[in-house]
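Trainee: Take a look at run25.pdb, PDB, C-alpha atoms and all ligand atoms:
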MODEL        1
ATOM      1  CA  MET C  14      -1.272  18.295  -0.326  1.00  0.00           C
ATOM      2  CA  THR C  15       0.699  19.513  -3.321  1.00  0.00           C
ATOM      3  CA  SER C  16       1.254  22.900  -1.622  1.00  0.00           C
ATOM      4  CA  TYR C  17       3.412  21.222   1.040  1.00  0.00           C
ATOM      5  CA  THR C  18       7.198  21.261   0.647  1.00  0.00           C
ATOM      6  CA  TRP C  19       7.333  17.646   1.850  1.00  0.00           C
ATOM      7  CA  TRP C  20       4.914  16.337  -0.778  1.00  0.00           C
ATOM      8  CA  PRO C  21       7.422  16.028  -3.680  1.00  0.00           C
ATOM      9  CA  VAL C  22       9.923  14.448  -1.244  1.00  0.00           C
ATOM     10  CA  LEU C  23       7.689  11.931   0.564  1.00  0.00           C
ATOM     11  CA  GLY C  24       4.396  11.767  -1.339  1.00  0.00           C
ATOM     12  CA  ALA C  25       5.263   9.064  -3.900  1.00  0.00           C
ATOM     13  CA  PRO C  26       5.862   6.122  -1.513  1.00  0.00           C
ATOM     14  CA  MET C  27       2.765   7.034   0.516  1.00  0.00           C
ATOM     15  CA  GLU C  28       0.505   7.397  -2.514  1.00  0.00           C
ATOM     16  CA  ASP C  29       1.632   4.051  -3.868  1.00  0.00           C
ATOM     17  CA  GLY C  30       0.994   2.395  -0.501  1.00  0.00           C
ATOM     18  CA  LEU C  31      -2.390   4.114  -0.175  1.00  0.00           C
ATOM     19  CA  LYS C  32      -3.578   2.576  -3.463  1.00  0.00           C
ATOM     20  CA  ARG C  33      -2.719  -0.851  -2.127  1.00  0.00           C
ATOM     21  CA  VAL C  34      -4.340  -0.141   1.245  1.00  0.00           C
ATOM     22  CA  LEU C  35      -7.592   1.061  -0.356  1.00  0.00           C
ATOM     23  CA  ALA C  36      -7.726  -2.102  -2.468  1.00  0.00           C
ATOM     24  CA  HIS C  37      -7.278  -4.347   0.585  1.00  0.00           C
ATOM     25  CA  ASP C  38     -10.113  -6.740   1.525  1.00  0.00           C
ATOM     26  CA  PHE C  39     -10.311  -5.252   5.033  1.00  0.00           C
ATOM     27  CA  LEU C  40     -11.333  -1.821   3.756  1.00  0.00           C
ATOM     28  CA  ARG C  41     -13.614  -3.211   1.044  1.00  0.00           C
ATOM     29  CA  GLY C  42     -15.296  -5.237   3.805  1.00  0.00           C
ATOM     30  CA  LEU C  43     -15.681  -2.186   6.068  1.00  0.00           C
ATOM     31  CA  SER C  44     -17.400  -0.295   3.234  1.00  0.00           C
ATOM     32  CA  ASP C  45     -19.773  -3.004   2.077  1.00  0.00           C
ATOM     33  CA  GLY C  46     -20.355  -4.444   5.560  1.00  0.00           C
ATOM     34  CA  THR C  47     -18.966  -7.904   4.667  1.00  0.00           C
ATOM     35  CA  LEU C  48     -15.942  -7.664   6.985  1.00  0.00           C
ATOM     36  CA  PRO C  49     -16.385 -10.456   9.562  1.00  0.00           C
ATOM     37  CA  ARG C  50     -16.861  -9.178  13.128  1.00  0.00           C
ATOM     38  CA  GLU C  51     -13.983 -11.431  14.203  1.00  0.00           C
ATOM     39  CA  ALA C  52     -11.577  -9.597  11.873  1.00  0.00           C
ATOM     40  CA  PHE C  53     -12.828  -6.194  13.080  1.00  0.00           C
ATOM     41  CA  GLY C  54     -12.548  -7.259  16.730  1.00  0.00           C
ATOM     42  CA  TYR C  55      -9.027  -8.552  16.104  1.00  0.00           C
ATOM     43  CA  PHE C  56      -8.165  -5.213  14.484  1.00  0.00           C
ATOM     44  CA  VAL C  57      -9.585  -3.058  17.315  1.00  0.00           C
ATOM     45  CA  ILE C  58      -7.761  -5.060  19.993  1.00  0.00           C
ATOM     46  CA  GLN C  59      -4.456  -4.963  18.095  1.00  0.00           C
ATOM     47  CA  ASP C  60      -4.962  -1.282  17.307  1.00  0.00           C
ATOM     48  CA  THR C  61      -5.436  -0.468  20.982  1.00  0.00           C
ATOM     49  CA  LEU C  62      -2.178  -2.273  21.765  1.00  0.00           C
ATOM     50  CA  TYR C  63      -0.587  -0.368  18.873  1.00  0.00           C
ATOM     51  CA  LEU C  64      -1.823   3.052  20.091  1.00  0.00           C
ATOM     52  CA  GLY C  65      -0.216   2.643  23.521  1.00  0.00           C
ATOM     53  CA  GLU C  66       3.187   2.075  21.887  1.00  0.00           C
ATOM     54  CA  TYR C  67       2.588   4.711  19.205  1.00  0.00           C
ATOM     55  CA  ALA C  68       1.966   7.296  21.945  1.00  0.00           C
ATOM     56  CA  ARG C  69       5.319   6.367  23.485  1.00  0.00           C
ATOM     57  CA  ALA C  70       7.014   6.755  20.091  1.00  0.00           C
ATOM     58  CA  LEU C  71       5.521  10.274  19.808  1.00  0.00           C
ATOM     59  CA  ALA C  72       6.685  11.109  23.334  1.00  0.00           C
ATOM     60  CA  LEU C  73      10.243  10.000  22.443  1.00  0.00           C
ATOM     61  CA  LEU C  74      10.050  12.175  19.363  1.00  0.00           C
ATOM     62  CA  ALA C  75       8.762  15.138  21.410  1.00  0.00           C
ATOM     63  CA  ALA C  76      11.830  14.823  23.626  1.00  0.00           C
ATOM     64  CA  LYS C  77      14.202  15.353  20.688  1.00  0.00           C
ATOM     65  CA  ALA C  78      12.053  17.783  18.674  1.00  0.00           C
ATOM     66  CA  PRO C  79      13.018  21.395  17.956  1.00  0.00           C
ATOM     67  CA  SER C  80      11.085  23.627  20.378  1.00  0.00           C
ATOM     68  CA  GLY C  81       8.519  24.690  17.754  1.00  0.00           C
ATOM     69  CA  ALA C  82       7.392  21.070  17.331  1.00  0.00           C
ATOM     70  CA  ALA C  83       7.806  19.631  20.848  1.00  0.00           C
ATOM     71  CA  GLY C  84       4.429  20.856  22.138  1.00  0.00           C
ATOM     72  CA  THR C  85       2.524  19.470  19.140  1.00  0.00           C
ATOM     73  CA  LEU C  86       4.161  16.058  19.445  1.00  0.00           C
ATOM     74  CA  ALA C  87       3.625  15.838  23.205  1.00  0.00           C
ATOM     75  CA  ALA C  88      -0.049  16.831  22.800  1.00  0.00           C
ATOM     76  CA  HIS C  89      -0.479  14.194  20.100  1.00  0.00           C
ATOM     77  CA  ALA C  90       1.048  11.546  22.382  1.00  0.00           C
ATOM     78  CA  GLY C  91      -1.654  12.480  24.895  1.00  0.00           C
ATOM     79  CA  SER C  92      -4.468  12.217  22.360  1.00  0.00           C
ATOM     80  CA  ALA C  93      -3.259   8.804  21.125  1.00  0.00           C
ATOM     81  CA  ILE C  94      -3.590   7.583  24.729  1.00  0.00           C
ATOM     82  CA  ALA C  95      -7.066   9.170  24.962  1.00  0.00           C
ATOM     83  CA  THR C  96      -8.146   7.193  21.861  1.00  0.00           C
ATOM     84  CA  GLU C  97      -6.671   4.023  23.333  1.00  0.00           C
ATOM     85  CA  LEU C  98      -8.682   4.536  26.513  1.00  0.00           C
ATOM     86  CA  GLY C  99     -11.873   5.929  24.946  1.00  0.00           C
ATOM     87  CA  LEU C 100     -12.903   5.177  21.373  1.00  0.00           C
ATOM     88  CA  HIS C 101     -11.427   1.721  21.152  1.00  0.00           C
ATOM     89  CA  PRO C 102     -13.059   0.089  24.205  1.00  0.00           C
ATOM     90  CA  ALA C 103     -16.360   1.687  23.107  1.00  0.00           C
ATOM     91  CA  LEU C 104     -15.968   0.208  19.595  1.00  0.00           C
ATOM     92  CA  LEU C 105     -15.278  -3.214  21.072  1.00  0.00           C
ATOM     93  CA  GLU C 106     -18.398  -3.099  23.185  1.00  0.00           C
ATOM     94  CA  GLN C 107     -20.497  -1.910  20.256  1.00  0.00           C
ATOM     95  CA  ALA C 108     -19.121  -4.799  18.199  1.00  0.00           C
ATOM     96  CA  GLY C 109     -20.289  -7.200  20.915  1.00  0.00           C
ATOM     97  CA  LEU C 110     -16.795  -8.063  22.150  1.00  0.00           C
ATOM     98  CA  ASP C 111     -15.669  -8.156  25.770  1.00  0.00           C
ATOM     99  CA  PRO C 112     -13.316  -5.174  26.525  1.00  0.00           C
ATOM    100  CA  ALA C 113     -11.493  -7.484  28.977  1.00  0.00           C
ATOM    101  CA  LEU C 114      -9.925  -9.047  25.847  1.00  0.00           C
ATOM    102  CA  LEU C 115      -7.721  -5.937  25.735  1.00  0.00           C
ATOM    103  CA  HIS C 116      -5.912  -7.175  28.821  1.00  0.00           C
ATOM    104  CA  THR C 117      -5.540 -10.824  27.855  1.00  0.00           C
ATOM    105  CA  THR C 118      -4.560 -10.635  24.161  1.00  0.00           C
ATOM    106  CA  PRO C 119      -0.845 -10.475  23.274  1.00  0.00           C
ATOM    107  CA  LYS C 120       0.470  -8.201  20.528  1.00  0.00           C
ATOM    108  CA  SER C 121       0.331 -10.023  17.181  1.00  0.00           C
ATOM    109  CA  PRO C 122       3.496 -10.520  15.086  1.00  0.00           C
ATOM    110  CA  ALA C 123       2.524  -7.541  12.862  1.00  0.00           C
ATOM    111  CA  THR C 124       1.780  -5.270  15.846  1.00  0.00           C
ATOM    112  CA  THR C 125       5.039  -6.305  17.504  1.00  0.00           C
ATOM    113  CA  ALA C 126       7.024  -5.646  14.324  1.00  0.00           C
ATOM    114  CA  TYR C 127       5.424  -2.261  13.558  1.00  0.00           C
ATOM    115  CA  THR C 128       5.604  -0.875  17.120  1.00  0.00           C
ATOM    116  CA  SER C 129       9.172  -2.165  17.668  1.00  0.00           C
ATOM    117  CA  TYR C 130      10.187  -0.459  14.449  1.00  0.00           C
ATOM    118  CA  LEU C 131       8.556   2.861  15.441  1.00  0.00           C
ATOM    119  CA  LEU C 132      10.050   2.829  18.924  1.00  0.00           C
ATOM    120  CA  SER C 133      13.539   1.964  17.717  1.00  0.00           C
ATOM    121  CA  VAL C 134      13.578   4.653  14.991  1.00  0.00           C
ATOM    122  CA  CYS C 135      12.188   7.313  17.356  1.00  0.00           C
ATOM    123  CA  ALA C 136      14.631   6.359  20.131  1.00  0.00           C
ATOM    124  CA  GLN C 137      17.787   5.712  18.151  1.00  0.00           C
ATOM    125  CA  ARG C 138      17.649   7.797  14.990  1.00  0.00           C
ATOM    126  CA  PRO C 139      17.637  11.575  14.413  1.00  0.00           C
ATOM    127  CA  PHE C 140      14.378  13.525  14.784  1.00  0.00           C
ATOM    128  CA  HIS C 141      13.562  13.765  11.060  1.00  0.00           C
ATOM    129  CA  GLU C 142      13.778   9.975  10.639  1.00  0.00           C
ATOM    130  CA  GLY C 143      11.441   9.314  13.547  1.00  0.00           C
ATOM    131  CA  LEU C 144       9.019  11.889  12.180  1.00  0.00           C
ATOM    132  CA  ALA C 145       9.019  10.084   8.811  1.00  0.00           C
ATOM    133  CA  ALA C 146       8.269   6.765  10.535  1.00  0.00           C
ATOM    134  CA  VAL C 147       5.191   8.148  12.372  1.00  0.00           C
ATOM    135  CA  LEU C 148       3.845  10.130   9.367  1.00  0.00           C
ATOM    136  CA  PRO C 149       2.041   7.376   7.362  1.00  0.00           C
ATOM    137  CA  CYS C 150      -0.065   6.541  10.414  1.00  0.00           C
ATOM    138  CA  TYR C 151      -1.700   9.972  10.162  1.00  0.00           C
ATOM    139  CA  TRP C 152      -1.759  10.475   6.433  1.00  0.00           C
ATOM    140  CA  ILE C 153      -2.994   7.006   5.479  1.00  0.00           C
ATOM    141  CA  TYR C 154      -5.824   7.101   8.050  1.00  0.00           C
ATOM    142  CA  GLN C 155      -6.954  10.504   6.863  1.00  0.00           C
ATOM    143  CA  GLN C 156      -7.014   9.366   3.242  1.00  0.00           C
ATOM    144  CA  VAL C 157      -8.812   6.145   4.199  1.00  0.00           C
ATOM    145  CA  GLY C 158     -11.362   8.094   6.286  1.00  0.00           C
ATOM    146  CA  MET C 159     -12.102  10.499   3.419  1.00  0.00           C
ATOM    147  CA  ALA C 160     -12.272   7.754   0.780  1.00  0.00           C
ATOM    148  CA  LEU C 161     -14.606   5.533   2.818  1.00  0.00           C
ATOM    149  CA  ALA C 162     -16.808   8.392   4.067  1.00  0.00           C
ATOM    150  CA  THR C 163     -18.077   9.157   0.538  1.00  0.00           C
ATOM    151  CA  SER C 164     -20.233   6.043   0.621  1.00  0.00           C
ATOM    152  CA  GLY C 165     -20.041   5.174   4.355  1.00  0.00           C
ATOM    153  CA  SER C 166     -20.962   1.680   5.561  1.00  0.00           C
ATOM    154  CA  SER C 167     -24.263  -0.114   6.008  1.00  0.00           C
ATOM    155  CA  ASP C 168     -22.888  -1.472   9.297  1.00  0.00           C
ATOM    156  CA  PRO C 169     -23.277   1.105  12.129  1.00  0.00           C
ATOM    157  CA  VAL C 170     -20.142  -0.060  13.990  1.00  0.00           C
ATOM    158  CA  TYR C 171     -18.007   0.236  10.862  1.00  0.00           C
ATOM    159  CA  GLU C 172     -19.684   3.544  10.054  1.00  0.00           C
ATOM    160  CA  ARG C 173     -18.663   4.942  13.455  1.00  0.00           C
ATOM    161  CA  TRP C 174     -15.055   3.950  12.840  1.00  0.00           C
ATOM    162  CA  ILE C 175     -15.082   5.591   9.376  1.00  0.00           C
ATOM    163  CA  GLU C 176     -16.656   8.773  10.765  1.00  0.00           C
ATOM    164  CA  SER C 177     -14.005   9.177  13.446  1.00  0.00           C
ATOM    165  CA  TYR C 178     -11.285   9.385  10.780  1.00  0.00           C
ATOM    166  CA  ALA C 179     -13.339  11.535   8.387  1.00  0.00           C
ATOM    167  CA  ALA C 180     -14.142  14.038  11.193  1.00  0.00           C
ATOM    168  CA  PRO C 181     -12.923  17.680  11.161  1.00  0.00           C
ATOM    169  CA  ASP C 182     -11.176  17.126  14.536  1.00  0.00           C
ATOM    170  CA  PHE C 183      -9.026  14.416  13.023  1.00  0.00           C
ATOM    171  CA  ALA C 184      -8.304  16.567   9.935  1.00  0.00           C
ATOM    172  CA  ARG C 185      -7.070  19.342  12.264  1.00  0.00           C
ATOM    173  CA  SER C 186      -4.740  16.985  14.082  1.00  0.00           C
ATOM    174  CA  VAL C 187      -3.348  15.633  10.780  1.00  0.00           C
ATOM    175  CA  ALA C 188      -2.827  19.200   9.511  1.00  0.00           C
ATOM    176  CA  GLU C 189      -0.790  20.040  12.649  1.00  0.00           C
ATOM    177  CA  MET C 190       1.436  17.051  12.069  1.00  0.00           C
ATOM    178  CA  LEU C 191       1.864  17.788   8.349  1.00  0.00           C
ATOM    179  CA  GLN C 192       2.976  21.311   9.290  1.00  0.00           C
ATOM    180  CA  VAL C 193       5.675  19.873  11.573  1.00  0.00           C
ATOM    181  CA  VAL C 194       6.798  17.632   8.687  1.00  0.00           C
ATOM    182  CA  ASP C 195       6.876  20.629   6.359  1.00  0.00           C
ATOM    183  CA  ASP C 196       8.965  22.753   8.740  1.00  0.00           C
ATOM    184  CA  THR C 197      11.363  19.811   9.145  1.00  0.00           C
ATOM    185  CA  VAL C 198      11.769  18.930   5.458  1.00  0.00           C
ATOM    186  CA  ARG C 199      12.663  22.522   4.597  1.00  0.00           C
ATOM    187  CA  GLU C 200      15.871  22.283   6.648  1.00  0.00           C
ATOM    188  CA  LEU C 201      17.194  18.973   5.267  1.00  0.00           C
ATOM    189  CA  SER C 202      19.994  17.900   2.943  1.00  0.00           C
ATOM    190  CA  ASP C 203      19.134  15.589   0.013  1.00  0.00           C
ATOM    191  CA  ARG C 204      20.616  12.645   1.920  1.00  0.00           C
ATOM    192  CA  GLN C 205      18.431  13.326   4.964  1.00  0.00           C
ATOM    193  CA  ALA C 206      15.358  13.670   2.751  1.00  0.00           C
ATOM    194  CA  THR C 207      16.123  10.277   1.153  1.00  0.00           C
ATOM    195  CA  ASP C 208      16.424   8.750   4.633  1.00  0.00           C
ATOM    196  CA  MET C 209      12.986  10.155   5.469  1.00  0.00           C
ATOM    197  CA  ALA C 210      11.486   8.720   2.266  1.00  0.00           C
ATOM    198  CA  GLU C 211      12.835   5.277   3.186  1.00  0.00           C
ATOM    199  CA  HIS C 212      11.128   5.352   6.576  1.00  0.00           C
ATOM    200  CA  VAL C 213       7.892   6.554   5.002  1.00  0.00           C
ATOM    201  CA  GLU C 214       7.972   3.590   2.659  1.00  0.00           C
ATOM    202  CA  ILE C 215       8.617   1.068   5.447  1.00  0.00           C
ATOM    203  CA  ALA C 216       5.909   2.482   7.739  1.00  0.00           C
ATOM    204  CA  THR C 217       3.426   2.546   4.839  1.00  0.00           C
ATOM    205  CA  ARG C 218       4.079  -1.156   4.242  1.00  0.00           C
ATOM    206  CA  TYR C 219       3.509  -1.810   7.933  1.00  0.00           C
ATOM    207  CA  GLU C 220       0.146  -0.007   7.664  1.00  0.00           C
ATOM    208  CA  TRP C 221      -0.884  -2.408   4.880  1.00  0.00           C
ATOM    209  CA  MET C 222       0.420  -5.376   6.891  1.00  0.00           C
ATOM    210  CA  PHE C 223      -1.639  -4.292   9.904  1.00  0.00           C
ATOM    211  CA  TRP C 224      -4.918  -4.576   7.922  1.00  0.00           C
ATOM    212  CA  ASP C 225      -3.716  -7.792   6.386  1.00  0.00           C
ATOM    213  CA  ALA C 226      -2.932  -9.381   9.767  1.00  0.00           C
ATOM    214  CA  ALA C 227      -6.517  -8.599  10.885  1.00  0.00           C
ATOM    215  CA  VAL C 228      -8.108 -10.294   7.864  1.00  0.00           C
ATOM    216  CA  ARG C 229      -5.914 -13.355   8.390  1.00  0.00           C
ATOM    217  CA  GLU C 230      -6.301 -13.140  12.196  1.00  0.00           C
ATOM    218  CA  GLU C 231      -2.557 -13.646  12.282  1.00  0.00           C
ATOM    219  CA  ARG C 232      -1.229 -15.429  15.372  1.00  0.00           C
ATOM    220  CA  TRP C 233       2.110 -16.566  16.743  1.00  0.00           C
ATOM    221  CA  PRO C 234       2.880 -20.231  15.882  1.00  0.00           C
ATOM    222  CA  TRP C 235       2.598 -21.113  19.600  1.00  0.00           C
TER     223      TRP C 235
HETATM  224  C1  LIG X   1      -2.266   0.758  12.665  1.00  0.00           C
HETATM  225  C2  LIG X   1      -2.768   2.151  12.796  1.00  0.00           C
HETATM  226  N1  LIG X   1      -2.213   3.114  12.059  1.00  0.00           N
HETATM  227  C3  LIG X   1      -2.650   4.385  12.183  1.00  0.00           C
HETATM  228  C4  LIG X   1      -3.651   4.726  13.052  1.00  0.00           C
HETATM  229  C5  LIG X   1      -4.147   6.140  13.203  1.00  0.00           C
HETATM  230  N2  LIG X   1      -3.584   6.815  14.341  1.00  0.00           N
HETATM  231  C6  LIG X   1      -3.204   6.177  15.426  1.00  0.00           C
HETATM  232  S1  LIG X   1      -2.519   7.235  16.618  1.00  0.00           S
HETATM  233  C7  LIG X   1      -2.768   8.549  15.660  1.00  0.00           C
HETATM  234  C8  LIG X   1      -2.369   9.921  16.069  1.00  0.00           C
HETATM  235  C9  LIG X   1      -2.728  10.349  17.416  1.00  0.00           C
HETATM  236  O1  LIG X   1      -4.011  10.006  17.820  1.00  0.00           O
HETATM  237  C10 LIG X   1      -3.348   8.157  14.456  1.00  0.00           C
HETATM  238  C11 LIG X   1      -3.649   9.094  13.398  1.00  0.00           C
HETATM  239  C12 LIG X   1      -4.212   3.690  13.812  1.00  0.00           C
HETATM  240  N3  LIG X   1      -5.206   3.919  14.700  1.00  0.00           N
HETATM  241  N4  LIG X   1      -3.768   2.422  13.668  1.00  0.00           N
ENDMDL
END
Could you rewrite the structure in this file as structure tokens?
Ligand SMILES: Cc1ncc(C[n+]2csc(CCO)c2C)c(N)n1

Mentor:
Amino acid sequence: MTSYTWWPVLGAPMEDGLKRVLAHDFLRGLSDGTLPREAFGYFVIQDTLYLGEYARALALLAAKAPSGAAGTLAAHAGSAIATELGLHPALLEQAGLDPALLHTTPKSPATTAYTSYLLSVCAQRPFHEGLAAVLPCYWIYQQVGMALATSGSSDPVYERWIESYAAPDFARSVAEMLQVVDDTVRELSDRQATDMAEHVEIATRYEWMFWDAAVREERWPW
């Protein structure tokens, strides 16, 4: 990580957020198997809703990317959709939940806030800012996957989730994205780099809030 040009610019807010994420009850519960199935089911449904919007954010970003990065971003938009359609419904079924819930559950307040934020930054702000907003999604999940994979989980459903983010395929996709970030950061003024760091910090907080909403099974007041 430290060999990347972007690390000294963007690493601090993500590392701080990662510490908080790793200490969150949701991830402790995934590791030791005490996470209630209801909280995991809530998470998988909300995450599927999230992925559909995240893919659109990446597609918006692809449209304004320099040509060297456009193909990577468009391909990643495609693979986010593939996860939405593949892994997530399979996880739901394995967890004993009806995949039809995916079509009847509304986005939670946290999912609405995070995806609205991503879409608005990617649509309305310059490329480097959008890239900063989508970065914690990759980096945090990779770090979480690696941290949890060292001891795994006694629960086979949770273990499958951990394995998918500790897998070499996922590491390759994160590395592609980090290279795009590196190529981008190299060209920026100090002001632009500070703007990126601000988006990284906000998106990292949203990542924490997403786990937290699942533990609380957050709902709209009516
Ligand atoms: C809340 C939330 N944040 C990050 C991810 C991880 N993630 C989602 S899409 C994508 C890239 C393309 O597949 C990655 C790494 C998630 N699943 N849910």

Trainee: Can you pull out every residue within 6 Å of Leu71 of chain C, counting all atoms listed in the file, but drop anything in the same chain fewer than 3 positions away, and send it as a list in words?

Mentor: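 Once the nearby chain positions are removed, what remains is Ala68, Leu74, Leu86 and Ala90 of chain C.
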
Trainee: I need the output of the PyMOL selection byres (((chain C and resi 146) around 10) and not hetatm) for this file as number ranges by chain; which residues are they?

Mentor: C: 70, 127, 130-132, 134-135, 141-145, 147-150, 209-217

Trainee: Between atom CA of Ile58 of chain C and atom CA of His101 of chain C, what is the spacing in Å?

Mentor: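 Straight-line distance from atom CA of His101 of chain C to atom CA of Ile58 of chain C works out to 7.8 Å.
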
Trainee: Would you mind telling me which residue in C:Thr197, C:Ser129, C:Ser44, C:Ser16 lies nearest to Thr163 of chain C when using only C-alpha atoms?

Mentor: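 Closest residue, counting only C-alpha atoms: C:Ser44.
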
Trainee: Of the candidates C:Leu110, C:Ala52, C:Leu40, C:Ala76, which shows the shortest atom-to-atom distance to Glu230 of chain C, using only C-alpha atoms?

Mentor: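 Ranking C:Leu110, C:Ala52, C:Leu40, C:Ala76 by distance to Glu230 of chain C, first place goes to C:Ala52.
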
Trainee: At a cut-off of 8 Å, can you tabulate as JSON lines every residue of chain C near ligand LIG 1 (chain X) together with its closest atom pair and the distance in Å to one decimal, using all atoms listed in the file and ordering rows by chain then number?

Mentor:
{"residue": "C:Asp60", "atom": "CA", "partner": "X:LIG1", "partner_atom": "N4", "distance": 5.3}
{"residue": "C:Thr61", "atom": "CA", "partner": "X:LIG1", "partner_atom": "N3", "distance": 7.7}
{"residue": "C:Tyr63", "atom": "CA", "partner": "X:LIG1", "partner_atom": "C1", "distance": 6.5}
{"residue": "C:Leu64", "atom": "CA", "partner": "X:LIG1", "partner_atom": "S1", "distance": 5.5}
{"residue": "C:Tyr67", "atom": "CA", "partner": "X:LIG1", "partner_atom": "S1", "distance": 6.3}
{"residue": "C:Ala68", "atom": "CA", "partner": "X:LIG1", "partner_atom": "S1", "distance": 7.0}
{"residue": "C:His89", "atom": "CA", "partner": "X:LIG1", "partner_atom": "C9", "distance": 5.2}
{"residue": "C:Ala90", "atom": "CA", "partner": "X:LIG1", "partner_atom": "C9", "distance": 6.4}
{"residue": "C:Gly91", "atom": "CA", "partner": "X:LIG1", "partner_atom": "C9", "distance": 7.9}
{"residue": "C:Ser92", "atom": "CA", "partner": "X:LIG1", "partner_atom": "O1", "distance": 5.1}
{"residue": "C:Ala93", "atom": "CA", "partner": "X:LIG1", "partner_atom": "O1", "distance": 3.6}
{"residue": "C:Ile94", "atom": "CA", "partner": "X:LIG1", "partner_atom": "O1", "distance": 7.3}
{"residue": "C:Ala95", "atom": "CA", "partner": "X:LIG1", "partner_atom": "O1", "distance": 7.8}
{"residue": "C:Thr96", "atom": "CA", "partner": "X:LIG1", "partner_atom": "O1", "distance": 6.4}
{"residue": "C:Thr124", "atom": "CA", "partner": "X:LIG1", "partner_atom": "C1", "distance": 7.9}
{"residue": "C:Pro149", "atom": "CA", "partner": "X:LIG1", "partner_atom": "C3", "distance": 7.4}
{"residue": "C:Cys150", "atom": "CA", "partner": "X:LIG1", "partner_atom": "C3", "distance": 3.8}
{"residue": "C:Tyr151", "atom": "CA", "partner": "X:LIG1", "partner_atom": "C11", "distance": 3.9}
{"residue": "C:Trp152", "atom": "CA", "partner": "X:LIG1", "partner_atom": "C11", "distance": 7.3}
{"residue": "C:Ile153", "atom": "CA", "partner": "X:LIG1", "partner_atom": "C3", "distance": 7.2}
{"residue": "C:Tyr154", "atom": "CA", "partner": "X:LIG1", "partner_atom": "C5", "distance": 5.5}
{"residue": "C:Gln155", "atom": "CA", "partner": "X:LIG1", "partner_atom": "C11", "distance": 7.5}
{"residue": "C:Phe183", "atom": "CA", "partner": "X:LIG1", "partner_atom": "C11", "distance": 7.6}
{"residue": "C:Ser186", "atom": "CA", "partner": "X:LIG1", "partner_atom": "C9", "distance": 7.7}
{"residue": "C:Val187", "atom": "CA", "partner": "X:LIG1", "partner_atom": "C11", "distance": 7.1}
{"residue": "C:Tyr219", "atom": "CA", "partner": "X:LIG1", "partner_atom": "C1", "distance": 7.9}
{"residue": "C:Glu220", "atom": "CA", "partner": "X:LIG1", "partner_atom": "C1", "distance": 5.6}
{"residue": "C:Phe223", "atom": "CA", "partner": "X:LIG1", "partner_atom": "C1", "distance": 5.8}
{"residue": "C:Trp224", "atom": "CA", "partner": "X:LIG1", "partner_atom": "C1", "distance": 7.6}

Trainee: At what distance in Å, to one decimal, does atom CA of Gly158 of chain C lie from atom CA of Tyr178 of chain C?

Mentor: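 Answer for the atom CA of Tyr178 of chain C to atom CA of Gly158 of chain C separation: 4.7 Å.
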
Trainee: I'd like a table as a Markdown table: residues in segment 160-192 of chain C with an atom no more than 12 Å from segment 24-39 of chain C, each row giving the shortest atom pair and its distance in Å to one decimal, all atoms listed in the file counted, sorted by chain and rising residue number.

Mentor:
| residue | atom | partner | partner_atom | distance |
| --- | --- | --- | --- | --- |
| C:Ala160 | CA | C:Leu35 | CA | 8.2 |
| C:Leu161 | CA | C:Leu35 | CA | 8.9 |
| C:Tyr171 | CA | C:Phe39 | CA | 11.1 |
| C:Leu191 | CA | C:Gly24 | CA | 11.7 |

Trainee: Include C-alpha atoms and write out the residues we just selected as a compact mmCIF listing (two decimals), in the frame of the given file.

Mentor:
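The file below, again-v4.txt, is the result:
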# COMPACT_ATOMS: atom_id res chain seq x y z
CA ALA C 160 -12.27 7.75 0.78
CA LEU C 161 -14.61 5.53 2.82
CA TYR C 171 -18.01 0.24 10.86
CA LEU C 191 1.86 17.79 8.35

Trainee: Restrict the output to segment 110-122 of chain C and C-alpha atoms, then write it as a PDB file, in the first residue's frame.

Mentor:
ATOM      1  CA  LEU C 110     -34.208 -16.110   3.348  1.00  0.00           C
ATOM      2  CA  ASP C 111     -36.598 -15.759   0.425  1.00  0.00           C
ATOM      3  CA  PRO C 112     -34.828 -14.044  -2.564  1.00  0.00           C
ATOM      4  CA  ALA C 113     -38.216 -12.472  -3.418  1.00  0.00           C
ATOM      5  CA  LEU C 114     -37.489 -10.090  -0.504  1.00  0.00           C
ATOM      6  CA  LEU C 115     -35.068  -8.357  -2.887  1.00  0.00           C
ATOM      7  CA  HIS C 116     -38.026  -7.077  -4.873  1.00  0.00           C
ATOM      8  CA  THR C 117     -40.250  -6.017  -1.990  1.00  0.00           C
ATOM      9  CA  THR C 118     -37.796  -4.326   0.409  1.00  0.00           C
ATOM     10  CA  PRO C 119     -37.209  -0.565   0.053  1.00  0.00           C
ATOM     11  CA  LYS C 120     -33.747   0.969   0.372  1.00  0.00           C
ATOM     12  CA  SER C 121     -33.039   1.779   4.031  1.00  0.00           C
ATOM     13  CA  PRO C 122     -32.183   5.348   5.118  1.00  0.00           C
TER      14      PRO C 122
END
